[in-house]
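Peer 1: Structure file protein21.csv, CSV, C-alpha atoms, is pasted below:
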chain,number,residue,atom,x,y,z
A,1,MET,CA,119.9,104.5,133.3
A,2,MET,CA,121.8,101.7,131.6
A,3,THR,CA,122.3,102.6,127.9
A,4,ARG,CA,123.7,100.2,125.3
A,5,ILE,CA,124.3,101.6,121.8
A,6,SER,CA,125.9,99.6,119.0
A,7,ILE,CA,126.3,100.3,115.3
A,8,GLN,CA,127.4,97.1,113.7
A,9,GLU,CA,127.4,95.0,110.6
A,10,ALA,CA,126.7,91.8,112.4
A,11,ASP,CA,123.2,90.5,113.2
A,12,PHE,CA,121.8,90.8,116.8
A,13,ASP,CA,120.0,88.3,119.0
A,14,PRO,CA,116.9,90.0,120.5
A,15,GLY,CA,116.6,87.4,123.2
A,16,ALA,CA,120.1,87.8,124.4
A,17,GLU,CA,119.8,91.6,124.3
A,18,ILE,CA,116.6,91.4,126.4
A,19,ALA,CA,118.3,89.0,128.9
A,20,SER,CA,121.3,91.3,129.2
A,21,LEU,CA,119.1,94.1,130.6
A,22,GLY,CA,118.9,92.0,133.8
A,23,PRO,CA,116.2,92.1,136.5
A,24,GLY,CA,114.6,95.2,137.9
A,25,ALA,CA,112.3,96.4,135.1
A,26,GLY,CA,108.5,95.8,135.3
A,27,GLY,CA,108.3,95.8,131.5
A,28,ILE,CA,110.4,96.0,128.4
A,29,GLY,CA,109.2,97.7,125.1
A,30,CYS,CA,110.7,96.2,122.0
A,31,PHE,CA,110.8,97.2,118.3
A,32,ILE,CA,112.6,95.3,115.6
A,33,GLY,CA,112.9,96.7,112.1
A,34,ILE,CA,113.3,94.1,109.3
A,35,VAL,CA,114.3,94.5,105.6
A,36,ARG,CA,111.1,94.2,103.5
A,37,GLY,CA,111.1,92.1,100.3
A,38,GLU,CA,109.4,94.8,98.2
A,39,ALA,CA,109.1,98.6,97.8
A,40,GLY,CA,106.3,100.2,95.8
A,41,GLY,CA,105.4,96.8,94.3
A,42,ARG,CA,109.0,96.1,93.1
A,43,LYS,CA,111.0,93.1,94.4
A,44,ILE,CA,114.0,94.0,96.5
A,45,THR,CA,117.1,91.8,96.6
A,46,ALA,CA,119.1,93.8,99.1
A,47,MET,CA,119.3,97.0,101.1
A,48,THR,CA,122.5,98.9,101.9
A,49,LEU,CA,122.7,101.0,105.1
A,50,GLU,CA,125.3,103.8,105.1
A,51,HIS,CA,126.0,105.9,108.2
A,52,TYR,CA,128.4,108.6,109.5
A,53,PRO,CA,130.8,106.9,111.8
A,54,GLY,CA,131.3,108.8,115.0
A,55,MET,CA,128.4,111.2,114.5
A,56,THR,CA,125.9,108.2,114.4
A,57,GLU,CA,126.9,107.1,117.9
A,58,ARG,CA,126.6,110.7,119.3
A,59,ALA,CA,123.2,111.2,117.6
A,60,VAL,CA,121.8,107.9,118.9
A,61,ARG,CA,123.1,108.7,122.4
A,62,ALA,CA,121.5,112.1,122.3
A,63,ILE,CA,118.2,110.4,121.3
A,64,ALA,CA,118.5,107.9,124.2
A,65,GLU,CA,119.2,110.8,126.6
A,66,GLU,CA,116.1,112.7,125.4
A,67,ALA,CA,114.0,109.5,126.1
A,68,GLU,CA,115.5,109.4,129.6
A,69,LYS,CA,114.5,113.0,130.2
A,70,ARG,CA,110.9,112.2,129.3
A,71,TRP,CA,110.3,108.9,130.9
A,72,ASN,CA,111.7,107.1,134.0
A,73,LEU,CA,113.6,104.3,132.3
A,74,SER,CA,115.9,101.7,133.8
A,75,ALA,CA,117.5,100.8,130.5
A,76,VAL,CA,117.7,101.6,126.8
A,77,THR,CA,119.2,99.5,124.0
A,78,VAL,CA,119.7,100.5,120.4
A,79,VAL,CA,121.4,98.2,118.0
A,80,HIS,CA,121.5,99.4,114.4
A,81,ARG,CA,123.0,97.4,111.6
A,82,VAL,CA,124.9,98.9,108.6
A,83,GLY,CA,126.2,97.4,105.4
A,84,ARG,CA,124.3,95.2,102.9
A,85,LEU,CA,121.3,93.3,104.2
A,86,ALA,CA,119.0,90.9,102.5
A,87,PRO,CA,115.1,90.8,102.8
A,88,GLY,CA,114.1,89.3,106.1
A,89,GLU,CA,117.3,90.4,107.9
A,90,ASN,CA,117.1,92.5,111.0
A,91,ILE,CA,118.0,96.2,110.7
A,92,VAL,CA,117.4,97.7,114.1
A,93,LEU,CA,116.5,96.7,117.6
A,94,VAL,CA,115.1,99.2,120.2
A,95,LEU,CA,114.5,98.2,123.8
A,96,ALA,CA,113.2,100.4,126.6
A,97,ALA,CA,112.8,99.1,130.1
A,98,ALA,CA,110.8,100.7,132.8
A,99,ARG,CA,108.7,99.9,135.9
A,100,HIS,CA,105.5,100.0,134.0
A,101,ARG,CA,104.3,99.4,130.4
A,102,ASP,CA,103.3,103.0,129.6
A,103,PRO,CA,106.8,104.5,129.8
A,104,ALA,CA,108.3,101.4,128.2
A,105,LEU,CA,106.1,101.4,125.2
A,106,ALA,CA,106.0,105.2,124.7
A,107,ALA,CA,109.8,105.4,124.9
A,108,THR,CA,110.2,102.6,122.4
A,109,ARG,CA,107.9,104.4,120.0
A,110,PHE,CA,109.8,107.7,120.6
A,111,LEU,CA,113.2,106.1,120.1
A,112,ILE,CA,112.3,104.5,116.7
A,113,ASP,CA,110.5,107.6,115.5
A,114,TRP,CA,113.5,109.8,116.2
A,115,LEU,CA,116.0,107.2,114.9
A,116,LYS,CA,114.3,107.4,111.5
A,117,THR,CA,114.8,111.1,111.1
A,118,GLU,CA,117.5,112.3,113.6
A,119,ALA,CA,120.3,109.9,113.3
A,120,PRO,CA,122.7,109.9,110.2
A,121,PHE,CA,121.7,106.7,108.5
A,122,TRP,CA,120.8,106.3,104.8
A,123,LYS,CA,119.1,103.4,103.1
A,124,LYS,CA,119.6,102.3,99.5
A,125,GLU,CA,117.4,99.7,97.9
A,126,HIS,CA,118.6,97.2,95.3
A,127,PHE,CA,115.9,95.9,93.0
A,128,ALA,CA,115.6,92.5,91.3
A,129,ASP,CA,115.9,94.2,87.9
A,130,GLY,CA,119.4,95.6,88.8
A,131,ALA,CA,118.2,99.1,89.5
A,132,GLU,CA,119.1,100.8,92.8
A,133,ALA,CA,117.7,103.9,94.5
A,134,TRP,CA,118.3,105.8,97.7
A,135,VAL,CA,115.2,105.7,99.9
A,136,GLU,CA,113.6,109.2,100.2
A,137,ALA,CA,112.7,110.5,103.6
A,138,LYS,CA,109.0,110.1,104.1
A,139,GLU,CA,106.8,113.0,105.1
A,140,ALA,CA,105.0,110.6,107.5
A,141,ASP,CA,108.2,109.8,109.3
A,142,THR,CA,109.1,113.5,109.8
A,143,GLU,CA,105.6,114.1,111.1
A,144,ALA,CA,105.8,111.1,113.4
A,145,ALA,CA,109.1,112.5,114.8
A,146,ALA,CA,107.7,116.0,115.1
A,147,LEU,CA,104.7,114.8,117.2
A,148,TRP,CA,107.2,114.3,120.1
A,149,ARG,CA,108.5,117.8,120.0
B,150,MET,CA,141.2,124.4,105.4
B,151,LEU,CA,138.0,122.5,105.9
B,152,ARG,CA,137.5,118.7,105.8
B,153,LEU,CA,134.3,118.0,103.8
B,154,LEU,CA,132.4,114.7,104.0
B,155,TYR,CA,129.6,113.5,101.7
B,156,PHE,CA,127.1,110.8,102.3
B,157,ALA,CA,124.5,108.7,100.3
B,158,TRP,CA,123.5,110.2,96.9
B,159,LEU,CA,125.5,113.4,97.6
B,160,ARG,CA,128.7,111.2,97.9
B,161,GLU,CA,127.8,109.5,94.6
B,162,ARG,CA,127.2,112.8,92.8
B,163,VAL,CA,130.4,114.5,94.1
B,164,GLY,CA,132.3,111.3,93.2
B,165,HIS,CA,134.1,110.9,96.5
B,166,ALA,CA,133.4,110.6,100.3
B,167,GLU,CA,135.7,113.3,101.5
B,168,GLU,CA,138.0,116.1,100.4
B,169,GLU,CA,140.0,119.0,102.0
B,170,LEU,CA,139.3,122.4,100.6
B,171,ALA,CA,140.2,126.0,101.5
B,172,PRO,CA,137.3,128.2,100.6
B,173,PRO,CA,137.9,132.0,100.2
B,174,SER,CA,137.8,134.2,103.3
B,175,SER,CA,134.3,135.5,102.2
B,176,VAL,CA,132.9,132.0,103.2
B,177,HIS,CA,131.9,132.3,106.9
B,178,THR,CA,128.9,130.0,107.2
B,179,VAL,CA,127.5,126.6,106.0
B,180,GLY,CA,125.1,128.3,103.6
B,181,GLU,CA,127.9,130.4,102.1
B,182,LEU,CA,130.0,127.2,101.8
B,183,MET,CA,127.2,125.4,99.9
B,184,ARG,CA,126.8,128.4,97.5
B,185,TRP,CA,130.6,128.5,96.9
B,186,LEU,CA,130.7,124.7,96.3
B,187,ALA,CA,127.7,124.9,93.9
B,188,GLU,CA,129.5,127.5,91.8
B,189,ARG,CA,132.9,125.8,92.0
B,190,ASP,CA,132.6,123.3,89.2
B,191,PRO,CA,129.9,121.4,87.3
B,192,VAL,CA,130.2,118.3,89.5
B,193,HIS,CA,129.6,120.1,92.7
B,194,GLY,CA,127.1,122.4,90.9
B,195,ALA,CA,125.0,119.3,90.0
B,196,ALA,CA,125.3,117.8,93.5
B,197,PHE,CA,124.3,121.0,95.2
B,198,ALA,CA,121.7,122.1,92.7
B,199,ARG,CA,118.8,121.5,95.2
B,200,PRO,CA,120.1,122.8,98.5
B,201,GLY,CA,116.7,122.4,100.1
B,202,LEU,CA,117.3,118.6,99.9
B,203,ILE,CA,120.7,118.8,101.7
B,204,ARG,CA,121.3,118.7,105.4
B,205,ALA,CA,124.6,119.5,107.1
B,206,ALA,CA,126.7,118.8,110.2
B,207,VAL,CA,129.7,120.7,111.6
B,208,ASN,CA,132.1,118.7,113.8
B,209,GLN,CA,129.4,116.0,114.0
B,210,GLU,CA,126.6,118.3,115.3
B,211,PHE,CA,123.6,119.1,113.1
B,212,ALA,CA,124.1,122.5,111.6
B,213,GLY,CA,122.0,125.1,109.7
B,214,PRO,CA,122.8,127.5,106.9
B,215,GLU,CA,123.8,130.2,109.5
B,216,THR,CA,126.2,128.0,111.4
B,217,GLU,CA,129.6,129.6,111.4
B,218,LEU,CA,132.7,127.8,110.2
B,219,ALA,CA,136.3,127.9,111.5
B,220,ALA,CA,139.5,126.5,110.0
B,221,GLY,CA,139.9,122.8,110.6
B,222,ASP,CA,136.2,122.1,110.9
B,223,GLU,CA,134.7,118.8,109.7
B,224,VAL,CA,131.7,119.7,107.6
B,225,ALA,CA,129.4,116.9,106.4
B,226,PHE,CA,126.6,117.2,103.7
B,227,PHE,CA,124.0,114.6,103.3
B,228,PRO,CA,120.3,114.0,102.3
B,229,PRO,CA,117.5,113.8,104.8
B,230,MET,CA,118.1,110.7,107.0
B,231,THR,CA,116.3,107.4,106.5
B,232,GLY,CA,117.4,105.1,109.3
B,233,GLY,CA,115.4,102.9,111.6
Just give me the structure as structure tokens.
Peer 2:
Amino acid sequence: MMTRISIQEADFDPGAEIASLGPGAGGIGCFIGIVRGEAGGRKITAMTLEHYPGMTERAVRAIAEEAEKRWNLSAVTVVHRVGRLAPGENIVLVLAAARHRDPALAATRFLIDWLKTEAPFWKKEHFADGAEAWVEAKEADTEAAALWR
Amino acid sequence: MLRLLYFAWLRERVGHAEEELAPPSSVHTVGELMRWLAERDPVHGAAFARPGLIRAAVNQEFAGPETELAAGDEVAFFPPMTGG
């Protein structure tokens, strides 16, 4: 399986990432996470993503390897941005390529569910009124990740 | 000597991202290290007041309270992760 993992401050180009997977797959599942403009009804001006350099790459690679064990995939791409991002900016790209749509879509869902709870990233929201707060882990995210166990 | 790393609100509460500390020889595990840190001074005490909200990694692998420590280990403490 071809695996591409990148933790970066720069934006990514989904079209270029898809094109770089090359021919061979019958289908590619794609998820793109984007910074929302509000949280709990409050306007957000920015989001800061912190991570644990070194461990992040290892954890994401372990998640990609787990996906490879469960589905027959020809390629997995995970690009996760860090640093300060504005509403509307891309946060994360997940691609899973396979012969058929079922493994491609299931693996995409698995990868983003586990990225949310099993990789060392933390989000802080900056609000329009100057306040800031670390995003709390959601019970629903933990449950979504647990469904795959 | 252990290299301790803190992330997200734990880093903000402790006041720095990393420090080197030599805990007493009675500290063998991650859980014992957390209890020692919590009792060490008021700043760490406040940061580690709710250990149930804190996750840990030893040498960049996820760890639990029973994970054993050795001299030179890199031990990270952080809140539940919120990536994706």
Peer 1: Dump as a ChimeraX atom specification the residues of chain B that approach chain A to within 7 Å, counting all atoms listed in the file.
Peer 2: /B:157-158,209,229-233
Peer 1: Enumerate, as a short mmCIF file (atom, residue, chain, number, x, y, z; two decimals) with C-alpha atoms, in the frame of the given file, the protein, DNA and RNA residues whose atoms approach (110.7, 99.9, 126.9) to within 7 Å, taking into account only C-alpha atoms and the coordinate frame of the file.
Peer 2:
data_model
loop_
_atom_site.label_atom_id
_atom_site.label_comp_id
_atom_site.auth_asym_id
_atom_site.auth_seq_id
_atom_site.Cartn_x
_atom_site.Cartn_y
_atom_site.Cartn_z
CA GLY A 27 108.30 95.80 131.50
CA ILE A 28 110.40 96.00 128.40
CA GLY A 29 109.20 97.70 125.10
CA CYS A 30 110.70 96.20 122.00
CA LEU A 95 114.50 98.20 123.80
CA ALA A 96 113.20 100.40 126.60
CA ALA A 97 112.80 99.10 130.10
CA ALA A 98 110.80 100.70 132.80
CA PRO A 103 106.80 104.50 129.80
CA ALA A 104 108.30 101.40 128.20
CA LEU A 105 106.10 101.40 125.20
CA ALA A 107 109.80 105.40 124.90
CA THR A 108 110.20 102.60 122.40
#
Peer 1: For CA of His100 (chain A) and CA of Ile7 (chain A), quote the distance in Å rounded to one decimal.
Peer 2: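 Those two atoms sit 28.0 Å apart.
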Peer 1: Closest to Ala206 (chain B) among B:Asp190, B:Glu223, B:Glu181, B:Glu167, using only C-alpha atoms?
Peer 2: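 The shortest atom-to-atom distance to Ala206 (chain B) comes from B:Glu223.
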Peer 1: Could you jot down the CA of Asn72 (chain A) to CA of Glu57 (chain A) separation for me, Å, one decimal place?
Peer 2: 22.1 Å
Peer 1: Could you tell me how far CA of Asn208 (chain B) sits from CA of Val176 (chain B), in Å to one decimal place?
Peer 2: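 According to the coordinates, CA of Val176 (chain B) and CA of Asn208 (chain B) are separated by 17.0 Å.
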